[in-house]
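Peer 1: Below: one structure in C-alpha cells.
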Amino acid sequence: MTTILLTVVLPVLFLTTLACGAYFLVVLPGRWRKPYEEALALLDSDDRDELERAEGLLGQAVNAGPRGRALNRIRFAQAYVRAMLGAYDPSRYGAAATVLDELITAVGRTEHSAYLELWLQARLENHVRVTDLHAEHRALLDARPDSRRIAAISHLQLATSRWRRRETDGALHHFDRVRELGELTDRVPADLNELQLAKGVQAVFDGRTDDARDAFAAARKRADEQQLPTVEADLGLLVCDWRDGDPMELGEWLGELAEQLDQGPPGDADKAVRLRTGIALLRLLALLREWQGRPALSGAPSQYDFGELDRRVAAVREADPELGDADLVAGLIRYYFALNQPEREQALAVLDEGQRKAKAIMLPEVLDLMERERELGGEDNAISRYLVLLGEFLADPGRSAEDRARLLRLKERFKRHASADDLDEGAVPHQRAPLDDVKRQAEALRRRIELIVWPRIRDLPDGDPAKEALRHLLAELDEAATTAAQGAEVLHRAEIAVVTRTAQTLLPEESPHVPE
C-alpha cells in the first residue's frame, strides 16, 4: 500500500512542483520580460512616439507584478524614458525625478541612478541640489565624465546669480569649484581675483573699514594660495590702516610694495603703471603726515627732509609724468616754507608746471593762490605800479604845489630802477577808476598800496617797524576818509603820507627819512 501511495503521490508532487516552477520562473517573468525588452529596444530612439510607446510597455511590465531586482530595473527604465520625454514636455522631468527618488529611497543609489538624478536636477534647474549631489556622491559620479561638466554648469549659474546680488564671496566660491572640476574653465572671468578686491574697494568708499579689511585679507589669502602677486591686496590692507597707522611705518610698507611690484612677474602694463603711481603718491603723502605729526614749534623741515621730499616727488613723476599731483604737493610745500621771494617764485613755477600737465592741478584754492601771486608779481612790478601811482597823483590838478614837489622828488629817486613811461598801463591789475566820492577814492588807494608793498613786506615779522608804520598810516587814511566831510585837505595829507611811506618801504636803503 505504501509503495502504491509513493508511486502515485511522488509523481504528482513532482509535476506540481515543476508546474509551479514553470509558472513563477517562466510564465510570470514572461508577462513583464517581453514588454520590458521591447521597451529597452525603443529607448535609443529620439522619436517621441516611440518613447511614449516605450513608456506604455514599461507600465505593462510593472503591472505584470515583477519583484525585487527586476522591478528596480523596470522602475529605473521608467525614470529614464520619462527623462527623455522631458525634451518634448518639461513636466516629464518632474515625473521622472519622482520615480527615481522612490527607487533610490527603496534600494539606494547606484552609479547609474546617481548620474540620472544629477542630470534630472540640472534639467529642473535645481542648481544647488546639483552641486550638493556631486559633492556628496562624487565617488559614484566620477565614473561618468559628463557629471563634472553638469556640476560645472550649475556652479557657473550659481556664481552668476550670486554676483548679480553682489554676494562676492558666494560667487568666488562657485567659480573656484569650476576651476577644481576642470570643466568650462574658459567661462570663468579672467579677472576673478579682482572680485574680492572690488568688494574691498567698495567697502572703503562706503566707510565700512572692517568689511574692507576682511575682503582684502581674503583676497590676499586667495592670491597667496594661487601663487599670484599680493601687491594689490596688501595695498588695500594699507589703505584700511591709513587713518590710524604710523606714517613712518606706512611709508616703509609702501616702499616694500614698490619693490615687490618692480620684482614681480610681467603682467598688465597699464595696471602696473596705476599701481606704481598710487604707491608712489601714497608714499609722498605719508611723508607729509610724518611731518604733520611732529611736535609743535619743532622747526621747519631740514635739508634732509626736503631731499626725501624731492625723492618721493621724483618717484611719482617717474611713475606718471602727466600727473600733476606731485607738482601740487611739491609746489605748495615749497611755497609754504619759502624764505624769500625767489624761493616763492620757484614754488609757483612748480605749480605752473603741474597746471600744464594732462592730469592737471584743478583745485580751486590752489588756482586762486596762483592767480593772486601773478597779480602781486615781484618787486620790479611793485616799483612799476608805484611809478604809475605817482604819475596819477602828479596829474591830479587838485594837488597842492607842496605835494607836487614832494611827489617829484619821490619819482626822481626811482629813475634808476624803472621808468614809468615804458610801463604797459594795461598790465596793471588795478587801474584807477572814476570815483564817486572821497571814501571810494581812499579805498582804491589803500588797495593799490597793499599790492605795491606786499612783495617787500610779506616776509617781514609782524612786529617789524616798516609793517607797523604802514599799518598805522593806512589806519589814518581810513580815518581821514570817514571824516572827509571836514575837508579834502585831511585826506590829501593822509594820501601823501602813505605814498611817501611806500617809497621808504620799496627803497629803504636810500634814506630813512621822509623827503620834505
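Quick note on naming: the chains in the C-alpha cells go A, B, ... in the order shown, residues restart at 1 in each chain, and ligands are numbered from 1 in order of appearance.
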Taking only range 165-338 of chain A into account, list the residues labelled alpha helix (DSSP H) by DSSP (computed from the backbone), as a ChimeraX atom specification.

Peer 2: /A:168-181,193-205,209-225,231-240,247-263,269-292,303-319,325-336

Peer 1: Determine, counting only C-alpha atoms, which protein, DNA and RNA residues have an atom within 9 Å of an atom of range 313-330 of chain A; residues of the same chain fewer than 4 positions away are not included. Present the result as a tab-separated table (two decimals) with N, CA and C atoms, in the first residue's frame.

Peer 2:
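Below you can see result30.tsv, which holds the result:
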chain	number	residue	atom	x	y	z
A	273	VAL	N	51.32	100.42	-14.11
A	273	VAL	CA	51.53	101.87	-14.04
A	273	VAL	C	50.62	102.49	-12.99
A	274	ARG	N	49.35	102.06	-12.97
A	274	ARG	CA	48.42	102.61	-11.97
A	274	ARG	C	48.85	102.26	-10.56
A	276	ARG	N	51.92	101.46	-9.53
A	276	ARG	CA	53.17	102.16	-9.21
A	276	ARG	C	52.90	103.63	-8.89
A	277	THR	N	51.99	104.24	-9.63
A	277	THR	CA	51.66	105.65	-9.37
A	277	THR	C	50.97	105.80	-8.02
A	278	GLY	N	50.01	104.93	-7.74
A	278	GLY	CA	49.31	105.02	-6.46
A	278	GLY	C	50.23	104.82	-5.28
A	279	ILE	N	51.12	103.85	-5.38
A	279	ILE	CA	52.06	103.60	-4.29
A	279	ILE	C	52.99	104.79	-4.09
A	280	ALA	N	53.51	105.33	-5.18
A	280	ALA	CA	54.42	106.48	-5.06
A	280	ALA	C	53.71	107.69	-4.47
A	281	LEU	N	52.47	107.92	-4.88
A	281	LEU	CA	51.73	109.07	-4.36
A	281	LEU	C	51.42	108.89	-2.89
A	284	LEU	N	54.43	109.68	-0.84
A	284	LEU	CA	54.62	111.12	-0.72
A	284	LEU	C	53.70	111.69	0.36
A	285	LEU	N	52.45	111.27	0.37
A	285	LEU	CA	51.51	111.76	1.38
A	285	LEU	C	51.87	111.25	2.77
A	308	GLU	N	64.34	114.11	0.96
A	308	GLU	CA	63.42	112.97	0.89
A	308	GLU	C	62.14	113.34	0.14
A	309	LEU	N	61.68	114.58	0.37
A	309	LEU	CA	60.51	115.06	-0.38
A	309	LEU	C	60.78	115.04	-1.88
A	334	ARG	N	56.94	123.88	-0.91
A	334	ARG	CA	58.00	124.87	-1.14
A	334	ARG	C	57.47	126.29	-0.96
A	335	TYR	N	56.25	126.52	-1.37
A	335	TYR	CA	55.67	127.86	-1.21
A	335	TYR	C	55.49	128.20	0.27
A	347	ALA	N	58.62	127.96	-6.29
A	347	ALA	CA	57.47	127.13	-5.93
A	347	ALA	C	56.30	127.37	-6.87
A	350	VAL	N	56.77	125.55	-10.07
A	350	VAL	CA	56.41	124.13	-9.97
A	350	VAL	C	54.90	123.95	-10.10
A	351	LEU	N	54.12	124.82	-9.45
A	351	LEU	CA	52.66	124.75	-9.57
A	351	LEU	C	52.22	125.02	-11.00
A	352	ASP	N	52.87	125.97	-11.64
A	352	ASP	CA	52.55	126.25	-13.06
A	352	ASP	C	52.79	125.03	-13.93
A	353	GLU	N	53.89	124.33	-13.66
A	353	GLU	CA	54.20	123.12	-14.42
A	353	GLU	C	53.12	122.06	-14.22
A	354	GLY	N	52.66	121.92	-12.98
A	354	GLY	CA	51.59	120.95	-12.71
A	354	GLY	C	50.28	121.31	-13.38
A	355	GLN	N	50.05	122.61	-13.56
A	355	GLN	CA	48.81	123.04	-14.20
A	355	GLN	C	48.82	122.76	-15.69
A	356	ARG	N	50.00	122.65	-16.27
A	356	ARG	CA	50.10	122.43	-17.72
A	356	ARG	C	50.08	120.95	-18.11
A	357	LYS	N	50.07	120.05	-17.15
A	357	LYS	CA	50.11	118.63	-17.46
A	357	LYS	C	48.73	118.11	-17.84
A	358	ALA	N	48.72	116.90	-18.43
A	358	ALA	CA	47.46	116.32	-18.91
A	358	ALA	C	46.49	116.12	-17.74
A	359	LYS	N	47.00	115.57	-16.63
A	359	LYS	CA	46.18	115.42	-15.42
A	359	LYS	C	46.54	116.58	-14.50
A	360	ALA	N	46.00	117.74	-14.83
A	360	ALA	CA	46.48	118.99	-14.25
A	360	ALA	C	45.93	119.23	-12.85
A	361	ILE	N	46.56	120.20	-12.17
A	361	ILE	CA	46.06	120.68	-10.89
A	361	ILE	C	44.77	121.46	-11.13
A	366	VAL	N	44.02	126.29	-4.98
A	366	VAL	CA	45.39	126.42	-5.49
A	366	VAL	C	45.41	127.35	-6.70

Peer 1: Excluding same-chain residues fewer than 6 positions from Val130 in chain A, what lies within 12 Å of it counting only C-alpha atoms, as JSON, numbers by chain?

Peer 2: {"A": [114, 115, 116, 117, 118, 119, 120, 121, 122, 123, 124, 136, 137, 138, 141, 147, 148, 149, 150, 151, 152, 153, 154, 155, 156, 157, 158]}

Peer 1: Between A:Pro397, A:Leu445, A:Glu468, A:Arg220, single out the one closest to Ile496 in chain A, counting only C-alpha atoms.

Peer 2: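 Of A:Pro397, A:Leu445, A:Glu468, A:Arg220, the one nearest Ile496 in chain A is A:Leu445, counting only C-alpha atoms.
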
Peer 1: Using only C-alpha atoms, find the one residue out of A:Asp47, A:Asp89, A:Asp210, A:Asp169 that sits nearest to Asp241 in chain A.

Peer 2: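 Checking each candidate against Asp241 in chain A, we get A:Asp210 as the closest.
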